[in-house]
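*Asks:* Input: one structure, supplied below.
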Amino acid sequence: MAIFGGFVAGFINMLAGSGSIITLSILTEMLGLPGNIANATNRVGVLVQTYIGTYTFHKHGKLHITPGLPYLWPMLVGAFGGIYLATIVSNEQFLIVFKVLMVVMMFVVLVKPQRWLAQKTEVKSPNYWLVIPFFFALGIYSGFIQMGMGVFFLAAMVLGAKFELMEANALKIFLVAILTTIALAVFAWKGMVDWKVGGLVAIGQGAGGWAGGYYGSKYTSANVWAYRVLVVVVIGVLMKLFYGDIMRFF
(Lines give C-alpha, C1' and ligand atoms only; values in the text may rest on other atoms or scores of the structure.)
Protein backbone atom coordinates (compact mmCIF):
# COMPACT_ATOMS: atom_id res chain seq x y z
CA MET A 1 0.00 0.00 0.00
CA ALA A 2 2.86 2.39 0.79
CA ILE A 3 4.42 1.83 -2.65
CA PHE A 4 1.11 2.08 -4.53
CA GLY A 5 0.07 5.20 -2.61
CA GLY A 6 3.47 6.70 -3.32
CA PHE A 7 3.04 6.05 -7.06
CA VAL A 8 -0.37 7.76 -7.16
CA ALA A 9 0.96 10.70 -5.13
CA GLY A 10 4.02 11.04 -7.36
CA PHE A 11 1.94 11.08 -10.54
CA ILE A 12 -0.53 13.62 -9.12
CA ASN A 13 2.29 15.88 -7.94
CA MET A 14 3.77 16.01 -11.43
CA LEU A 15 0.48 17.23 -12.94
CA ALA A 16 -0.96 19.36 -10.15
CA GLY A 17 0.04 18.95 -6.51
CA SER A 18 -1.10 17.86 -3.04
CA GLY A 19 -0.09 14.24 -3.51
CA SER A 20 1.21 14.46 0.04
CA ILE A 21 -2.41 14.25 1.17
CA ILE A 22 -2.25 10.59 0.13
CA THR A 23 1.17 9.76 1.53
CA LEU A 24 0.64 11.58 4.83
CA SER A 25 -2.66 9.74 5.26
CA ILE A 26 -0.93 6.42 4.69
CA LEU A 27 1.93 7.26 7.05
CA THR A 28 -0.30 8.47 9.88
CA GLU A 29 -3.58 6.56 9.59
CA MET A 30 -2.39 3.23 8.15
CA LEU A 31 1.19 2.92 9.39
CA GLY A 32 0.65 4.74 12.68
CA LEU A 33 3.50 7.26 12.55
CA PRO A 34 3.14 10.36 14.77
CA GLY A 35 2.25 13.50 12.82
CA ASN A 36 5.64 15.19 13.09
CA ILE A 37 7.53 11.99 12.17
CA ALA A 38 5.18 11.38 9.23
CA ASN A 39 5.69 14.97 8.08
CA ALA A 40 9.47 14.46 8.08
CA THR A 41 9.41 10.93 6.63
CA ASN A 42 7.14 12.07 3.79
CA ARG A 43 9.99 14.20 2.45
CA VAL A 44 12.00 11.07 1.49
CA GLY A 45 9.53 10.17 -1.26
CA VAL A 46 9.06 13.80 -2.24
CA LEU A 47 12.83 14.16 -2.70
CA VAL A 48 13.12 11.13 -4.98
CA GLN A 49 10.03 12.12 -6.98
CA THR A 50 11.10 15.73 -7.52
CA TYR A 51 14.64 14.82 -8.58
CA ILE A 52 13.25 12.42 -11.18
CA GLY A 53 10.54 14.88 -12.21
CA THR A 54 13.01 17.76 -12.57
CA TYR A 55 15.24 15.64 -14.81
CA THR A 56 12.27 14.49 -16.90
CA PHE A 57 10.88 18.00 -17.43
CA HIS A 58 14.36 19.33 -18.25
CA LYS A 59 15.04 16.51 -20.70
CA HIS A 60 11.85 17.31 -22.62
CA GLY A 61 12.41 21.09 -22.63
CA LYS A 62 9.66 22.05 -20.17
CA LEU A 63 11.84 23.46 -17.39
CA HIS A 64 12.77 27.15 -17.81
CA ILE A 65 14.36 28.38 -14.60
CA THR A 66 15.39 31.95 -15.45
CA PRO A 67 11.85 33.42 -15.89
CA GLY A 68 10.83 31.90 -12.57
CA LEU A 69 13.76 33.15 -10.46
CA PRO A 70 11.96 36.29 -9.13
CA TYR A 71 9.30 33.98 -7.69
CA LEU A 72 11.56 31.20 -6.47
CA TRP A 73 14.10 32.95 -4.30
CA PRO A 74 11.62 34.46 -1.77
CA MET A 75 10.23 30.95 -1.26
CA LEU A 76 13.69 29.54 -0.62
CA VAL A 77 14.33 32.18 2.04
CA GLY A 78 10.95 31.65 3.69
CA ALA A 79 11.35 27.87 3.68
CA PHE A 80 14.08 28.05 6.32
CA GLY A 81 11.59 29.54 8.76
CA GLY A 82 9.02 26.90 7.89
CA ILE A 83 11.49 24.06 8.37
CA TYR A 84 12.34 25.42 11.80
CA LEU A 85 8.64 25.62 12.70
CA ALA A 86 8.19 21.99 11.66
CA THR A 87 10.69 20.92 14.30
CA ILE A 88 8.87 22.69 17.17
CA VAL A 89 5.17 23.01 16.24
CA SER A 90 2.49 20.35 15.77
CA ASN A 91 0.76 19.95 12.41
CA GLU A 92 -2.67 20.41 13.99
CA GLN A 93 -1.96 24.08 14.66
CA PHE A 94 -1.63 24.68 10.96
CA LEU A 95 -4.65 22.67 9.83
CA ILE A 96 -7.16 25.41 10.67
CA VAL A 97 -5.39 27.86 8.36
CA PHE A 98 -5.01 25.15 5.74
CA LYS A 99 -8.75 24.44 5.74
CA VAL A 100 -9.59 28.10 5.14
CA LEU A 101 -7.03 28.41 2.35
CA MET A 102 -8.30 25.29 0.59
CA VAL A 103 -11.89 26.59 0.61
CA VAL A 104 -10.65 29.79 -1.01
CA MET A 105 -8.59 27.74 -3.49
CA MET A 106 -11.66 25.74 -4.53
CA PHE A 107 -13.31 28.91 -5.81
CA VAL A 108 -10.08 30.09 -7.45
CA VAL A 109 -9.77 26.80 -9.34
CA LEU A 110 -13.41 26.43 -10.38
CA VAL A 111 -14.25 30.01 -11.42
CA LYS A 112 -13.36 30.72 -15.07
CA PRO A 113 -11.39 27.51 -15.74
CA GLN A 114 -10.25 28.84 -19.11
CA ARG A 115 -7.74 31.03 -17.24
CA TRP A 116 -5.81 27.88 -16.32
CA LEU A 117 -5.64 26.67 -19.91
CA ALA A 118 -4.61 29.88 -21.68
CA GLN A 119 -1.50 29.71 -23.84
CA LYS A 120 1.36 31.89 -22.67
CA THR A 121 1.79 35.11 -24.61
CA GLU A 122 4.24 37.02 -22.44
CA VAL A 123 5.29 36.36 -18.87
CA LYS A 124 3.97 39.14 -16.67
CA SER A 125 6.60 41.40 -15.12
CA PRO A 126 6.59 40.73 -11.38
CA ASN A 127 5.34 43.35 -8.93
CA TYR A 128 7.93 42.83 -6.20
CA TRP A 129 5.78 44.51 -3.53
CA LEU A 130 3.35 41.62 -3.98
CA VAL A 131 5.66 38.84 -5.10
CA ILE A 132 8.19 38.91 -2.26
CA PRO A 133 5.74 38.83 0.72
CA PHE A 134 3.44 36.25 -0.91
CA PHE A 135 6.11 33.82 -2.02
CA PHE A 136 8.05 34.32 1.22
CA ALA A 137 4.91 33.27 3.14
CA LEU A 138 4.37 30.36 0.76
CA GLY A 139 7.97 29.32 1.41
CA ILE A 140 7.30 29.25 5.15
CA TYR A 141 4.24 27.09 4.58
CA SER A 142 6.01 24.70 2.22
CA GLY A 143 8.94 24.34 4.60
CA PHE A 144 6.56 23.56 7.45
CA ILE A 145 4.25 20.95 5.97
CA GLN A 146 4.52 21.11 2.13
CA MET A 147 1.07 19.47 1.76
CA GLY A 148 -1.02 21.60 -0.60
CA MET A 149 1.85 23.93 -1.45
CA GLY A 150 1.72 22.96 -5.13
CA VAL A 151 -1.88 24.11 -5.55
CA PHE A 152 -1.15 27.57 -4.16
CA PHE A 153 2.08 27.88 -6.16
CA LEU A 154 0.36 26.95 -9.43
CA ALA A 155 -2.44 29.43 -8.79
CA ALA A 156 0.07 32.23 -8.24
CA MET A 157 2.20 31.35 -11.26
CA VAL A 158 -0.63 30.67 -13.73
CA LEU A 159 -3.19 33.28 -12.68
CA GLY A 160 -0.78 35.91 -11.39
CA ALA A 161 2.43 35.58 -13.40
CA LYS A 162 0.71 34.17 -16.54
CA PHE A 163 2.85 31.06 -16.92
CA GLU A 164 1.44 28.07 -18.77
CA LEU A 165 0.23 25.39 -16.38
CA MET A 166 2.82 22.73 -17.23
CA GLU A 167 5.66 25.27 -17.32
CA ALA A 168 4.65 26.46 -13.86
CA ASN A 169 4.43 22.83 -12.79
CA ALA A 170 8.00 22.15 -13.92
CA LEU A 171 9.21 25.16 -11.90
CA LYS A 172 7.26 23.90 -8.90
CA ILE A 173 8.94 20.49 -9.09
CA PHE A 174 12.39 22.09 -9.39
CA LEU A 175 11.72 24.35 -6.41
CA VAL A 176 10.35 21.54 -4.24
CA ALA A 177 13.45 19.48 -5.02
CA ILE A 178 15.62 22.23 -3.54
CA LEU A 179 13.37 22.84 -0.54
CA THR A 180 13.05 19.14 0.22
CA THR A 181 16.81 18.61 0.11
CA ILE A 182 17.22 21.25 2.80
CA ALA A 183 14.24 20.11 4.87
CA LEU A 184 15.15 16.43 4.82
CA ALA A 185 18.71 17.20 5.91
CA VAL A 186 17.37 19.12 8.93
CA PHE A 187 14.78 16.47 9.82
CA ALA A 188 17.40 13.71 9.53
CA TRP A 189 19.72 15.68 11.81
CA LYS A 190 16.88 15.94 14.33
CA GLY A 191 16.24 12.19 14.12
CA MET A 192 12.69 12.63 12.83
CA VAL A 193 12.85 10.39 9.72
CA ASP A 194 11.72 6.75 9.54
CA TRP A 195 13.98 5.71 6.66
CA LYS A 196 12.52 2.22 6.20
CA VAL A 197 8.96 3.44 5.71
CA GLY A 198 10.11 6.52 3.82
CA GLY A 199 12.10 4.31 1.43
CA LEU A 200 9.04 2.21 0.56
CA VAL A 201 6.98 5.29 -0.21
CA ALA A 202 9.90 6.73 -2.19
CA ILE A 203 9.96 3.70 -4.52
CA GLY A 204 6.38 4.40 -5.52
CA GLN A 205 6.80 8.16 -5.69
CA GLY A 206 9.87 7.88 -7.88
CA ALA A 207 7.98 5.73 -10.40
CA GLY A 208 4.94 8.02 -10.24
CA GLY A 209 7.11 11.09 -10.65
CA TRP A 210 8.71 9.67 -13.79
CA ALA A 211 5.32 8.67 -15.27
CA GLY A 212 3.71 12.04 -14.52
CA GLY A 213 6.71 14.00 -15.75
CA TYR A 214 6.86 11.99 -18.99
CA TYR A 215 3.15 12.46 -19.69
CA GLY A 216 3.22 16.16 -18.79
CA SER A 217 6.21 16.76 -21.06
CA LYS A 218 5.22 14.72 -24.10
CA TYR A 219 1.51 15.26 -24.68
CA THR A 220 -0.25 18.46 -25.72
CA SER A 221 -3.32 17.47 -23.69
CA ALA A 222 -1.27 17.62 -20.49
CA ASN A 223 -2.51 21.12 -19.57
CA VAL A 224 -6.13 20.00 -19.78
CA TRP A 225 -5.55 16.88 -17.74
CA ALA A 226 -3.41 18.78 -15.24
CA TYR A 227 -6.33 21.14 -14.66
CA ARG A 228 -8.75 18.24 -14.25
CA VAL A 229 -6.44 16.56 -11.76
CA LEU A 230 -6.09 19.87 -9.94
CA VAL A 231 -9.88 20.16 -9.55
CA VAL A 232 -10.16 16.58 -8.29
CA VAL A 233 -7.27 17.11 -5.86
CA VAL A 234 -8.75 20.30 -4.40
CA ILE A 235 -12.17 18.71 -3.94
CA GLY A 236 -10.61 15.57 -2.49
CA VAL A 237 -8.50 17.56 -0.05
CA LEU A 238 -11.55 19.51 1.11
CA MET A 239 -13.55 16.32 1.62
CA LYS A 240 -10.75 14.84 3.70
CA LEU A 241 -10.24 18.00 5.74
CA PHE A 242 -13.92 18.47 6.53
CA TYR A 243 -15.01 14.82 6.74
CA GLY A 244 -14.90 14.77 10.53
CA ASP A 245 -16.83 18.05 10.79
CA ILE A 246 -19.51 16.77 8.39
CA MET A 247 -19.89 13.49 10.27
CA ARG A 248 -20.26 15.32 13.58
CA PHE A 249 -22.93 17.56 12.03
CA PHE A 250 -25.04 14.56 11.03
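Letters for chains follow the order of the C-alpha coordinates (A, B, ...), residue numbers begin at 1 for each chain, and ligand numbers begin at 1 in the order shown.
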Can you list every residue of segment 19-101 of chain A that has an atom at most 7 Å from segment 134-158 of chain A, with its nearest atom pair and the distance in Å to one decimal, using only C-alpha atoms, ordered by chain then number, as CSV?
*Replies:*
```
residue,atom,partner,partner_atom,distance
A:Ser20,CA,A:Met147,CA,5.3
A:Ile21,CA,A:Met147,CA,6.3
A:Asn39,CA,A:Ile145,CA,6.5
A:Tyr71,CA,A:Phe135,CA,6.5
A:Pro74,CA,A:Phe136,CA,4.7
A:Met75,CA,A:Gly139,CA,3.9
A:Leu76,CA,A:Gly139,CA,6.1
A:Val77,CA,A:Phe136,CA,6.7
A:Gly78,CA,A:Gly139,CA,4.4
A:Ala79,CA,A:Gly139,CA,4.3
A:Phe80,CA,A:Gly143,CA,6.6
A:Gly81,CA,A:Ile140,CA,5.6
A:Gly82,CA,A:Ile140,CA,4.0
A:Ile83,CA,A:Gly143,CA,4.6
A:Leu85,CA,A:Phe144,CA,6.0
A:Ala86,CA,A:Phe144,CA,4.8
```
*Asks:* Could you write out that same residue set with N, CA and C atoms as an mmCIF file, in the first residue's frame?
*Replies:*
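Result file selection11.cif:
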```
data_model
loop_
_atom_site.group_PDB
_atom_site.id
_atom_site.type_symbol
_atom_site.label_atom_id
_atom_site.label_comp_id
_atom_site.auth_asym_id
_atom_site.auth_seq_id
_atom_site.Cartn_x
_atom_site.Cartn_y
_atom_site.Cartn_z
ATOM 1 N N SER A 20 0.850 14.765 -1.344
ATOM 2 C CA SER A 20 1.207 14.459 0.039
ATOM 3 C C SER A 20 -0.005 14.193 0.911
ATOM 4 N N ILE A 21 -1.183 14.612 0.461
ATOM 5 C CA ILE A 21 -2.407 14.247 1.172
ATOM 6 C C ILE A 21 -2.502 12.727 1.274
ATOM 7 N N ASN A 39 5.395 13.768 8.842
ATOM 8 C CA ASN A 39 5.687 14.974 8.077
ATOM 9 C C ASN A 39 7.130 14.966 7.587
ATOM 10 N N TYR A 71 10.327 34.580 -8.533
ATOM 11 C CA TYR A 71 9.302 33.981 -7.694
ATOM 12 C C TYR A 71 9.869 32.883 -6.795
ATOM 13 N N PRO A 74 12.277 34.160 -3.049
ATOM 14 C CA PRO A 74 11.616 34.458 -1.772
ATOM 15 C C PRO A 74 11.101 33.196 -1.083
ATOM 16 N N MET A 75 10.694 32.194 -1.855
ATOM 17 C CA MET A 75 10.232 30.949 -1.260
ATOM 18 C C MET A 75 11.376 30.210 -0.590
ATOM 19 N N LEU A 76 12.533 30.215 -1.219
ATOM 20 C CA LEU A 76 13.688 29.541 -0.625
ATOM 21 C C LEU A 76 14.060 30.160 0.716
ATOM 22 N N VAL A 77 14.010 31.486 0.782
ATOM 23 C CA VAL A 77 14.325 32.175 2.039
ATOM 24 C C VAL A 77 13.286 31.838 3.105
ATOM 25 N N GLY A 78 12.008 31.922 2.735
ATOM 26 C CA GLY A 78 10.946 31.648 3.691
ATOM 27 C C GLY A 78 10.933 30.215 4.178
ATOM 28 N N ALA A 79 11.387 29.290 3.329
ATOM 29 C CA ALA A 79 11.347 27.872 3.684
ATOM 30 C C ALA A 79 12.179 27.563 4.928
ATOM 31 N N PHE A 80 13.252 28.308 5.144
ATOM 32 C CA PHE A 80 14.080 28.049 6.319
ATOM 33 C C PHE A 80 13.278 28.264 7.605
ATOM 34 N N GLY A 81 12.446 29.306 7.601
ATOM 35 C CA GLY A 81 11.590 29.543 8.757
ATOM 36 C C GLY A 81 10.568 28.439 8.936
ATOM 37 N N GLY A 82 10.004 27.968 7.819
ATOM 38 C CA GLY A 82 9.018 26.901 7.886
ATOM 39 C C GLY A 82 9.608 25.593 8.375
ATOM 40 N N ILE A 83 10.817 25.280 7.932
ATOM 41 C CA ILE A 83 11.486 24.060 8.372
ATOM 42 C C ILE A 83 11.734 24.118 9.878
ATOM 43 N N LEU A 85 9.935 25.799 12.059
ATOM 44 C CA LEU A 85 8.637 25.620 12.699
ATOM 45 C C LEU A 85 8.245 24.147 12.767
ATOM 46 N N ALA A 86 8.569 23.400 11.709
ATOM 47 C CA ALA A 86 8.186 21.991 11.658
ATOM 48 C C ALA A 86 8.866 21.166 12.739
#
```
*Asks:* Which value, in Å to one decimal, gives the distance between atom CA of Ile235 of chain A and atom CA of Ala183 of chain A?
*Replies:*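 Going from atom CA of Ile235 of chain A over to atom CA of Ala183 of chain A covers 27.9 Å.
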*Asks:* If you measure from atom CA of Trp210 of chain A to atom CA of Ile52 of chain A, what distance in Å do you get, rounded to one decimal?
*Replies:*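 Result for atom CA of Trp210 of chain A versus atom CA of Ile52 of chain A: 5.9 Å, one decimal.
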*Asks:* Looking at only C-alpha atoms, which of A:Asn42, A:Asn169, A:Gln205, A:Thr23 is the one that sits closest to Thr54 of chain A?
*Replies:*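 Residue with the minimum atom-to-atom distance to Thr54 of chain A: A:Asn169.
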*Asks:* I'd like the contact shell of Ala202 of chain A - 7 Å cut-off, only C-alpha atoms, skipping same-chain residues fewer than 3 positions apart - returned as a count of residues only.
*Replies:* 8
*Asks:* Between atom CA of Ala40 of chain A and atom CA of Phe187 of chain A, what is the spacing in Å?
*Replies:*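 Taking atom CA of Phe187 of chain A and atom CA of Ala40 of chain A, their separation equals 5.9 Å.
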